[in-house]
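A.B. asks: Sending over structure.txt (compact mmCIF, C-alpha atoms and all ligand atoms).
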```txt
# COMPACT_ATOMS: atom_id res chain seq x y z
CA MET M 155 0.00 0.00 0.00
CA LYS M 156 0.94 3.66 -0.32
CA ALA M 157 2.24 5.29 2.87
CA LEU M 158 4.38 8.14 4.20
CA TYR M 159 7.22 7.09 6.45
CA LYS M 160 10.38 8.26 8.12
CA LYS M 161 12.92 6.64 5.86
CA GLU M 162 16.10 8.49 6.82
CA ALA M 163 17.54 10.22 9.87
CA LYS M 164 17.28 13.71 8.42
CA PRO M 165 14.55 16.26 7.72
CA GLY M 166 11.81 15.01 5.41
CA ILE M 167 9.09 12.44 4.94
CA TRP M 168 9.13 9.78 2.23
CA MET M 169 6.46 7.95 0.24
CA THR M 170 6.46 4.21 -0.35
CA HIS M 171 4.10 2.18 -2.55
CA ASP M 172 5.13 -1.13 -1.03
CA ALA M 173 4.17 -0.99 2.65
CA PRO M 174 2.34 -4.16 3.73
CA VAL M 175 -1.36 -3.82 4.55
CA PRO M 176 -1.47 -4.26 8.36
CA ALA M 177 -2.46 -7.68 9.67
CA ILE M 178 -5.75 -7.61 11.54
CA GLY M 179 -5.87 -8.98 15.11
CA ALA M 180 -8.75 -10.71 16.88
CA ASN M 181 -10.30 -7.52 18.26
CA ASP M 182 -9.32 -5.19 15.45
CA VAL M 183 -10.87 -3.28 12.62
CA LEU M 184 -9.05 -2.51 9.39
CA ILE M 185 -9.85 0.98 8.16
CA LYS M 186 -9.24 2.62 4.80
CA ILE M 187 -7.95 6.13 5.28
CA LYS M 188 -9.96 8.84 3.56
CA LYS M 189 -8.35 12.04 4.85
CA THR M 190 -5.44 12.78 7.15
CA SER M 191 -4.58 16.06 8.78
CA VAL M 192 -1.04 17.22 9.49
CA CYS M 193 -0.35 17.71 13.20
CA GLY M 194 2.36 19.80 14.84
CA THR M 195 3.87 16.52 16.00
CA ASP M 196 4.14 15.41 12.35
CA ILE M 197 6.11 18.60 11.69
CA HIS M 198 8.48 17.81 14.58
CA ILE M 199 9.08 14.41 12.98
CA TYR M 200 9.36 15.97 9.51
CA LYS M 201 12.02 18.38 10.77
CA TRP M 202 13.69 15.52 12.67
CA ASP M 203 14.23 17.59 15.80
CA ALA M 204 15.87 16.31 18.97
CA TRP M 205 12.56 15.03 20.39
CA SER M 206 11.81 13.04 17.21
CA GLN M 207 15.27 11.55 17.16
CA ARG M 208 14.71 10.24 20.68
CA ASN M 209 11.16 8.96 20.16
CA VAL M 210 10.53 7.97 16.56
CA PRO M 211 12.05 4.81 15.08
CA LEU M 212 13.26 5.00 11.49
CA GLY M 213 10.93 3.25 9.07
CA LEU M 214 7.81 4.27 10.97
CA ILE M 215 4.62 5.21 9.12
CA THR M 216 3.53 8.38 10.94
CA GLY M 217 0.28 10.36 11.28
CA HIS M 218 -2.59 10.22 13.76
CA GLU M 219 -5.31 12.66 12.67
CA TYR M 220 -7.69 11.04 10.22
CA VAL M 221 -11.11 10.01 9.06
CA ALA M 222 -11.51 6.59 7.51
CA TRP M 223 -13.89 4.00 6.17
CA SER M 224 -14.17 0.84 8.19
CA THR M 225 -13.55 -2.07 5.86
CA ARG M 226 -13.14 -5.29 7.74
CA LEU M 227 -13.70 -6.41 11.29
CA ALA M 228 -11.87 -9.35 12.76
CA ALA M 229 -13.80 -12.60 12.39
CA ARG M 230 -14.62 -12.84 16.10
CA LEU M 231 -16.12 -9.38 16.21
CA LEU M 232 -18.11 -10.03 13.09
CA ALA M 233 -19.52 -13.21 14.60
CA LEU M 234 -20.42 -11.41 17.80
CA SER M 235 -22.06 -8.62 15.93
CA LEU M 236 -24.32 -11.04 14.11
CA GLY M 237 -25.48 -12.40 17.44
CA THR M 238 -26.65 -10.35 20.36
CA GLY M 239 -23.46 -10.35 22.38
CA PHE M 240 -21.55 -7.38 21.01
CA ARG M 241 -22.99 -4.45 22.84
CA ALA M 242 -20.09 -2.21 23.64
CA ARG M 243 -20.21 -0.29 20.39
CA ALA M 244 -23.70 -1.20 19.34
CA SER M 245 -24.24 1.74 17.03
CA TYR M 246 -21.03 0.99 15.24
CA VAL M 247 -21.82 -2.66 14.70
CA ARG M 248 -25.42 -2.07 13.79
CA ASN M 249 -24.25 -0.49 10.60
CA LEU M 250 -22.24 -3.45 9.42
CA PRO M 251 -24.55 -4.31 6.51
CA GLN M 252 -23.86 -0.91 4.98
CA LEU M 253 -20.10 -1.18 5.24
CA PRO M 254 -17.97 0.69 4.52
CA GLN M 255 -19.20 3.13 7.12
CA ARG M 256 -17.55 6.47 7.56
CA ALA M 257 -15.70 6.26 10.81
CA GLN M 258 -13.30 8.47 12.63
CA ALA M 259 -11.05 6.21 14.53
CA PHE M 260 -8.37 6.94 16.98
CA VAL M 261 -5.75 5.12 18.93
CA HIS M 262 -3.87 5.98 22.08
CA SER M 263 -0.88 6.52 19.86
CA ALA M 264 -2.52 9.80 18.95
CA GLU M 265 -1.04 10.94 22.24
CA GLY M 266 2.62 11.83 21.95
CA HIS M 267 3.97 9.02 24.09
CA CYS M 268 3.04 6.32 21.57
CA VAL M 269 4.30 7.91 18.38
CA ASN M 270 6.42 4.83 17.84
CA GLN M 271 3.37 2.89 16.58
CA PRO M 272 2.32 2.64 12.92
CA GLY M 273 0.20 5.60 11.93
CA ALA M 274 -2.42 6.90 9.54
CA PHE M 275 -0.39 8.34 6.66
CA ALA M 276 -1.23 5.13 4.85
CA GLU M 277 -3.99 3.62 2.76
CA TYR M 278 -4.91 1.23 5.56
CA LEU M 279 -4.58 1.20 9.33
CA CYS M 280 -5.46 -1.50 11.83
CA LEU M 281 -6.67 -0.58 15.31
CA PRO M 282 -8.73 -1.99 18.18
CA ALA M 283 -12.35 -1.98 17.04
CA ALA M 284 -13.44 -0.55 20.38
CA ASN M 285 -11.43 2.59 19.61
CA ALA M 286 -13.41 3.43 16.48
CA ILE M 287 -16.11 6.06 16.64
CA LYS M 288 -18.82 6.17 14.02
CA ILE M 289 -19.17 9.65 12.62
CA PRO M 290 -22.84 10.57 12.39
CA ASP M 291 -24.64 12.75 9.89
CA GLY M 292 -24.01 16.43 10.30
CA VAL M 293 -20.27 16.02 10.80
CA SER M 294 -18.26 16.48 7.62
CA ASP M 295 -15.24 14.37 6.73
CA ASP M 296 -13.03 17.45 7.05
CA PHE M 297 -14.19 18.11 10.59
CA ALA M 298 -13.90 14.45 11.54
CA ALA M 299 -10.33 14.43 10.26
CA ILE M 300 -9.35 17.07 12.83
CA PHE M 301 -11.30 15.64 15.77
CA ASP M 302 -8.05 14.54 17.40
CA PRO M 303 -6.72 18.11 18.00
CA PHE M 304 -10.25 19.45 18.37
CA GLY M 305 -10.55 16.98 21.23
CA ASN M 306 -7.52 18.58 22.91
CA ALA M 307 -9.15 22.00 22.60
CA VAL M 308 -12.53 20.79 23.86
CA HIS M 309 -11.04 18.86 26.76
CA THR M 310 -8.88 21.84 27.74
CA ALA M 311 -11.60 24.46 27.41
CA LEU M 312 -14.33 22.48 29.13
CA SER M 313 -12.10 21.67 32.09
CA PHE M 314 -13.21 25.07 33.42
CA ASN M 315 -16.37 27.07 33.82
CA LEU M 316 -16.66 29.43 30.88
CA VAL M 317 -20.06 31.11 31.09
CA GLY M 318 -19.50 34.83 31.49
CA GLU M 319 -15.76 34.35 32.12
CA ASP M 320 -12.80 36.21 30.63
CA VAL M 321 -10.34 33.86 29.01
CA LEU M 322 -6.73 34.33 27.93
CA ILE M 323 -5.30 31.84 25.44
CA THR M 324 -1.56 32.05 24.83
CA GLY M 325 -0.68 30.66 21.41
CA ALA M 326 -2.89 30.68 18.30
CA GLY M 327 -1.88 27.27 17.04
CA PRO M 328 -4.71 25.03 15.87
CA ILE M 329 -5.51 24.01 19.44
CA GLY M 330 -5.61 27.57 20.77
CA ILE M 331 -7.74 28.64 17.80
CA MET M 332 -10.23 25.81 18.31
CA ALA M 333 -10.32 26.62 22.03
CA CYS M 334 -11.58 30.10 20.99
CA ALA M 335 -14.47 28.47 19.16
CA VAL M 336 -15.35 26.35 22.19
CA CYS M 337 -15.18 29.39 24.51
CA ALA M 338 -17.51 31.34 22.22
CA PHE M 339 -19.87 28.36 21.98
CA ALA M 340 -19.88 27.97 25.77
CA GLY M 341 -20.63 31.62 26.52
CA ALA M 342 -17.34 33.19 27.63
CA ARG M 343 -17.21 37.02 27.67
CA HIS M 344 -13.76 38.24 26.58
CA ILE M 345 -11.85 35.62 24.59
CA VAL M 346 -8.38 37.09 24.19
CA ILE M 347 -5.73 35.14 22.27
CA THR M 348 -2.06 36.03 21.88
CA ASP M 349 0.55 34.96 19.36
CA VAL M 350 3.40 36.40 17.34
CA ASN M 351 1.86 35.22 14.06
CA ASP M 352 -0.72 37.55 12.46
CA TYR M 353 -1.96 34.93 10.01
CA ARG M 354 -2.96 32.65 12.86
CA LEU M 355 -4.41 35.48 14.92
CA ASP M 356 -6.68 36.31 11.96
CA LEU M 357 -7.87 32.71 11.93
CA ALA M 358 -8.57 32.93 15.66
CA LYS M 359 -10.71 36.01 15.07
CA LYS M 360 -12.76 34.08 12.52
CA MET M 361 -13.17 31.26 15.02
CA GLY M 362 -14.57 33.28 17.89
CA ALA M 363 -11.76 35.25 19.55
CA THR M 364 -13.14 38.61 20.68
CA CYS M 365 -9.66 40.15 20.80
CA THR M 366 -6.35 39.12 19.25
CA VAL M 367 -2.99 40.38 20.49
CA ASN M 368 0.32 40.11 18.68
CA VAL M 369 2.59 40.22 21.72
CA ALA M 370 5.58 41.13 19.55
CA LYS M 371 3.84 44.42 18.68
CA GLN M 372 1.27 45.07 21.37
CA SER M 373 1.20 45.09 25.13
CA LEU M 374 -1.32 42.77 26.73
CA ALA M 375 -1.65 45.19 29.63
CA THR M 376 -2.78 47.95 27.23
CA VAL M 377 -5.32 45.63 25.64
CA MET M 378 -6.66 44.65 29.06
CA SER M 379 -6.98 48.26 30.03
CA GLU M 380 -8.89 48.99 26.79
CA LEU M 381 -11.21 46.11 27.67
CA LYS M 382 -11.58 47.54 31.18
CA MET M 383 -10.29 44.33 32.69
CA GLY M 384 -8.93 45.64 35.96
CA GLU M 385 -9.11 42.29 37.71
CA GLY M 386 -7.37 40.14 35.12
CA PHE M 387 -8.55 36.95 33.48
CA ASP M 388 -10.60 34.18 35.03
CA VAL M 389 -9.08 31.40 32.98
CA GLY M 390 -5.74 31.18 31.20
CA TRP M 391 -4.36 28.52 28.88
CA ARG M 392 -0.89 28.24 27.49
CA CYS M 393 -0.81 26.44 24.18
CA PRO M 394 2.49 27.24 22.46
CA ALA M 395 5.31 24.79 22.04
CA THR M 396 8.10 24.70 24.57
CA GLY M 397 10.66 27.46 24.99
CA CYS M 398 8.26 30.36 25.45
CA ILE M 399 8.55 30.94 29.16
CA PRO M 400 9.31 34.69 29.06
CA LEU M 401 6.06 35.52 27.33
CA HIS M 402 4.16 32.98 29.41
CA ASP M 403 5.38 34.94 32.35
CA ARG M 404 4.02 38.15 30.95
CA SER M 405 0.59 36.71 30.25
CA ASP M 406 0.56 35.07 33.64
CA ALA M 407 1.03 38.45 35.27
CA ALA M 408 -2.10 39.50 33.39
CA GLY M 409 -4.14 36.90 35.22
CA ARG M 410 -4.37 38.49 38.62
CA LYS M 411 -7.77 36.94 39.31
CA ASN M 412 -5.95 33.75 38.58
CA ARG M 413 -8.77 31.41 39.28
CA HIS M 414 -7.76 28.70 36.84
CA ALA M 415 -4.92 27.90 34.52
CA GLY M 416 -4.68 25.10 32.03
CA ILE M 417 -1.44 24.23 30.40
CA LEU M 418 -0.55 22.02 27.47
CA PRO M 419 1.46 19.89 27.86
CA PRO M 420 1.35 18.76 31.51
CA ILE M 421 5.04 19.28 32.23
CA TRP M 422 4.39 23.03 32.14
CA ALA M 423 1.85 22.61 34.92
CA SER M 424 4.43 21.59 37.46
CA ILE M 425 6.95 24.11 36.13
CA GLY M 426 4.30 26.84 36.10
CA ALA M 427 3.09 25.98 39.58
CA ARG M 428 6.63 26.18 40.89
CA LEU M 429 7.56 29.32 38.98
CA PHE M 430 4.49 31.24 39.98
CA SER M 431 3.70 29.50 43.28
CA ARG M 432 0.23 28.73 42.08
CA PRO M 433 -1.28 25.42 43.05
CA ASP M 434 -4.23 25.87 40.69
CA HIS M 435 -2.10 25.27 37.59
CA GLN M 436 -3.40 22.19 35.86
CA GLY M 437 -1.78 20.11 33.17
CA ILE M 438 -4.19 18.85 30.55
CA TYR M 439 -3.48 15.91 28.36
CA GLY M 440 -5.24 14.34 25.42
CA ARG M 441 -8.98 13.76 25.46
CA GLU M 442 -11.44 11.72 27.47
CA MET M 443 -12.62 8.45 26.01
CA PHE M 444 -15.37 8.81 24.95
CA GLU M 445 -16.97 11.79 26.61
CA THR M 446 -14.90 14.36 24.69
CA TRP M 447 -15.82 12.68 21.41
CA TYR M 448 -19.55 12.83 22.16
CA LYS M 449 -19.23 16.50 23.10
CA MET M 450 -17.35 17.29 19.88
CA ILE M 451 -19.99 15.62 17.75
CA VAL M 452 -22.86 17.38 19.48
CA MET M 453 -21.19 20.81 19.34
CA VAL M 454 -20.51 20.46 15.61
CA GLN M 455 -24.05 19.21 14.99
CA SER M 456 -25.28 22.22 16.96
CA GLY M 457 -23.41 24.70 14.80
CA LEU M 458 -19.82 25.02 16.01
CA ASP M 459 -18.00 25.73 12.76
CA LEU M 460 -14.44 24.52 12.31
CA SER M 461 -14.23 25.36 8.62
CA PRO M 462 -12.26 28.67 8.90
CA LEU M 463 -9.41 26.71 10.46
CA ILE M 464 -9.13 24.25 7.56
CA THR M 465 -7.15 26.36 5.12
CA HIS M 466 -5.53 23.85 2.77
CA HIS M 467 -6.32 20.54 1.04
CA PHE M 468 -3.79 18.55 -0.99
CA PRO M 469 -3.98 15.22 -2.78
CA ILE M 470 -1.70 12.75 -1.00
CA ASP M 471 0.84 12.80 -3.82
CA GLU M 472 1.47 16.48 -2.99
CA TYR M 473 2.50 15.61 0.56
CA GLN M 474 5.75 17.58 0.34
CA THR M 475 3.89 20.81 -0.34
CA ALA M 476 1.41 19.96 2.41
CA PHE M 477 4.15 19.49 5.01
CA GLU M 478 5.98 22.62 3.92
CA THR M 479 2.74 24.61 4.10
CA MET M 480 2.07 23.40 7.63
CA ALA M 481 5.67 24.05 8.67
CA SER M 482 5.54 27.62 7.30
CA GLY M 483 3.15 28.81 10.02
CA GLN M 484 1.04 30.39 7.28
CA SER M 485 -1.78 27.87 7.50
CA GLY M 486 -4.47 26.52 9.71
CA LYS M 487 -5.08 22.80 9.43
CA VAL M 488 -3.77 21.12 6.29
CA ILE M 489 -5.68 18.09 5.04
CA LEU M 490 -4.33 15.35 2.78
CA GLU M 491 -6.86 13.56 0.60
CA TRP M 492 -6.33 9.82 0.13
CA SER M 493 -9.29 9.09 -2.12
N1 LIG Q 501 -1.26 17.68 26.05
C1 LIG Q 501 -1.78 17.22 24.94
O1 LIG Q 501 -2.56 16.28 24.93
C2 LIG Q 501 -1.43 17.88 23.69
C3 LIG Q 501 -1.93 17.41 22.48
C4 LIG Q 501 -1.62 18.10 21.32
C5 LIG Q 501 -0.79 19.20 21.40
N2 LIG Q 501 -0.28 19.56 22.60
C6 LIG Q 501 0.56 20.75 22.74
O2 LIG Q 501 -0.31 21.86 22.70
C7 LIG Q 501 0.37 22.97 22.19
C8 LIG Q 501 -0.47 23.61 21.11
O3 LIG Q 501 -0.59 22.76 19.99
P1 LIG Q 501 -0.72 23.39 18.54
O4 LIG Q 501 -0.75 22.29 17.56
O5 LIG Q 501 -1.81 24.39 18.53
O6 LIG Q 501 0.73 24.10 18.54
P2 LIG Q 501 1.51 25.01 17.52
O7 LIG Q 501 2.94 24.79 17.81
O8 LIG Q 501 0.99 24.84 16.12
O9 LIG Q 501 1.08 26.49 17.96
C9 LIG Q 501 1.72 27.17 18.98
C10 LIG Q 501 1.53 28.66 18.71
O10 LIG Q 501 2.11 29.37 19.80
C11 LIG Q 501 2.68 30.54 19.27
N3 LIG Q 501 3.64 31.08 20.22
C12 LIG Q 501 4.92 30.74 20.39
N4 LIG Q 501 5.47 31.48 21.36
C13 LIG Q 501 4.50 32.31 21.81
C14 LIG Q 501 4.45 33.28 22.82
N5 LIG Q 501 5.51 33.54 23.55
N6 LIG Q 501 3.30 33.95 23.04
C15 LIG Q 501 2.20 33.68 22.30
N7 LIG Q 501 2.19 32.73 21.34
C16 LIG Q 501 3.33 32.06 21.10
C17 LIG Q 501 3.29 30.08 17.95
O11 LIG Q 501 3.51 31.17 17.06
C18 LIG Q 501 2.21 29.13 17.43
O12 LIG Q 501 1.28 29.78 16.59
C19 LIG Q 501 1.73 22.45 21.73
O13 LIG Q 501 2.68 22.75 22.73
C20 LIG Q 501 1.53 20.96 21.62
O14 LIG Q 501 2.73 20.25 21.85
C21 LIG Q 501 -0.58 18.94 23.74
```
Here is the file; what I need is its structure written in the form of structure tokens.
Ligand SMILES: NC(=O)c1ccc[n+]([C@@H]2O[C@H](COP(=O)([O-])OP(=O)(O)OC[C@H]3O[C@@H](n4cnc5c(N)ncnc54)[C@H](O)[C@@H]3O)[C@@H](O)[C@H]2O)c1

C.D. replies:
Amino acid sequence: MKALYKKEAKPGIWMTHDAPVPAIGANDVLIKIKKTSVCGTDIHIYKWDAWSQRNVPLGLITGHEYVAWSTRLAARLLALSLGTGFRARASYVRNLPQLPQRAQAFVHSAEGHCVNQPGAFAEYLCLPAANAIKIPDGVSDDFAAIFDPFGNAVHTALSFNLVGEDVLITGAGPIGIMACAVCAFAGARHIVITDVNDYRLDLAKKMGATCTVNVAKQSLATVMSELKMGEGFDVGWRCPATGCIPLHDRSDAAGRKNRHAGILPPIWASIGARLFSRPDHQGIYGREMFETWYKMIVMVQSGLDLSPLITHHFPIDEYQTAFETMASGQSGKVILEWS
């Protein structure tokens, strides 16, 4: 099968046409990938940074944001589904006669610590059937393909009360931008997002931010004063990659109310708590199985619009351009089309 993999220990990603179709285990489903989205983690691997060199084995097929068709269940699951015994994912199995069903599926390897497992930049992927979620009507393939990072944003944002609150989001990456949409959906008052990238701040505005701040050009304190926010923010999230402590510090000082703080990834929670002596710093990781997924589906069905964030589509054979576009910082989510 066709797949993208890390062939050599240097920047880049390579295509093969000869990867074996994964063998299906007793409790597995084989899915045919329809769309994949390029994650920031994929860009780390593409650039072959120090983290990737430590964590990603050469030869690995990468990728973990996708929507797929389910094609084949393992024989045991199929047998169970024909009887009455298979209840755990009843809605999923009920649709077997109409296979292939459109399914967004995810594995724990979507979380960074398992990036050494075979991924979704491939025509086929095998995963535990219980980890597949059927995507219902009202959720487009494009949206389903970015449910993995959307889940991070939803899980982060909904870890706190938002109704009537003032929120500060540091970092207008895809997760920060989607967090804006969730805050707006959930009824926050001021949704202020900072970055040093105007392209991404514009996307955040389209997705529900009430105020965008380029901290390389503007002072957050001035913006807060214009918004008459004497008491600071109720909730603050830090969503940039590592190495941004100085500006974190500045935005932290803006949160004098300091009721809550969420930080991605969790390591910053302990560092933040120690740096700022604040026990209410909370590290947030991944998504909740399956509560976050149900919430995502319902919010999208109820009108939360992710489309401004999806800025580029490429056929899979143009994967080089897709990765370069994502790496440039001048994009929202970039989707690769497999069929
Ligand atoms: N914990 C989890 O489960 C989980 C899952 C996915 C991603 N993450 C992490 O969440 C973070 C956000 O993910 P993403 O894909 O949106 O990241 P991203 O790297 O695409 O975006 C980060 C943004 O932060 C901006 N930024 C950098 N320094 C800044 C500063 N000082 N002030 C304001 N903005 C600044 C960058 O310009 C960029 O737009 C990343 O650190 C990622 O590793 C965590």

A.B. asks: Excluding same-chain residues fewer than 3 positions from range 379-383 of chain M, what lies within 10 Å of it counting only C-alpha atoms, as a PyMOL selection string?

C.D. replies: chain M and resi 320+344+365+374-376+386-387+408-409

A.B. asks: Just the number, please: distance in Å from atom P2 of ligand LIG 501 (chain Q) to CA of Gly330 in chain M, one decimal.

C.D. replies: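 These atoms are spaced 8.2 Å apart.
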
A.B. asks: What is the distance, in Å and to one decimal place, between CA of Lys164 in chain M and CA of Ala476 in chain M?

C.D. replies: 18.1 Å

A.B. asks: Centre and edge lengths of an axis-aligned box around all listed atoms of ligand LIG 501 (chain Q), with 3 Å added on each side, are to be given in Å to one decimal, as lines of an AutoDock Vina configuration file.

C.D. replies:
```
center_x = 1.5
center_y = 25.1
center_z = 21.1
size_x = 14.1
size_y = 23.7
size_z = 15.9
```

A.B. asks: Quote the spacing between CA of Gln372 in chain M and CA of Asp349 in chain M in Å to one decimal place.

C.D. replies: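 About the pair CA of Gln372 in chain M and CA of Asp349 in chain M: they are 10.3 Å apart.
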
A.B. asks: May I ask which of the residues M:Ala338, M:Gly194, M:Ile331, M:Ala326 is the closest one to Val350 in chain M, counting only C-alpha atoms?

C.D. replies: M:Ala326

A.B. asks: Which of these residues is nearest to ligand LIG 501 (chain Q), using only C-alpha atoms and all ligand atoms: M:Gly273, M:Ser206, M:Cys193, M:Leu322?

C.D. replies: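 Distance minimum relative to ligand LIG 501 (chain Q) lands on M:Cys193.
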
A.B. asks: So, counting all atoms listed in the file, which residue among M:Asp172, M:Glu277, M:Asp291, M:Asp352 is closest to ligand LIG 501 (chain Q)?

C.D. replies: M:Asp352

A.B. asks: Between M:Pro176, M:Pro469, M:Pro290, M:Pro303, which residue has the minimum interatomic distance to ligand LIG 501 (chain Q), considering only C-alpha atoms and all ligand atoms?

C.D. replies: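 Between M:Pro176, M:Pro469, M:Pro290, M:Pro303, the residue approaching ligand LIG 501 (chain Q) most closely is M:Pro303.
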
A.B. asks: For Lys449 in chain M, which of M:Ile167, M:Ala299, M:Val308, M:Cys280 is the closest residue, counting only C-alpha atoms?

C.D. replies: M:Val308
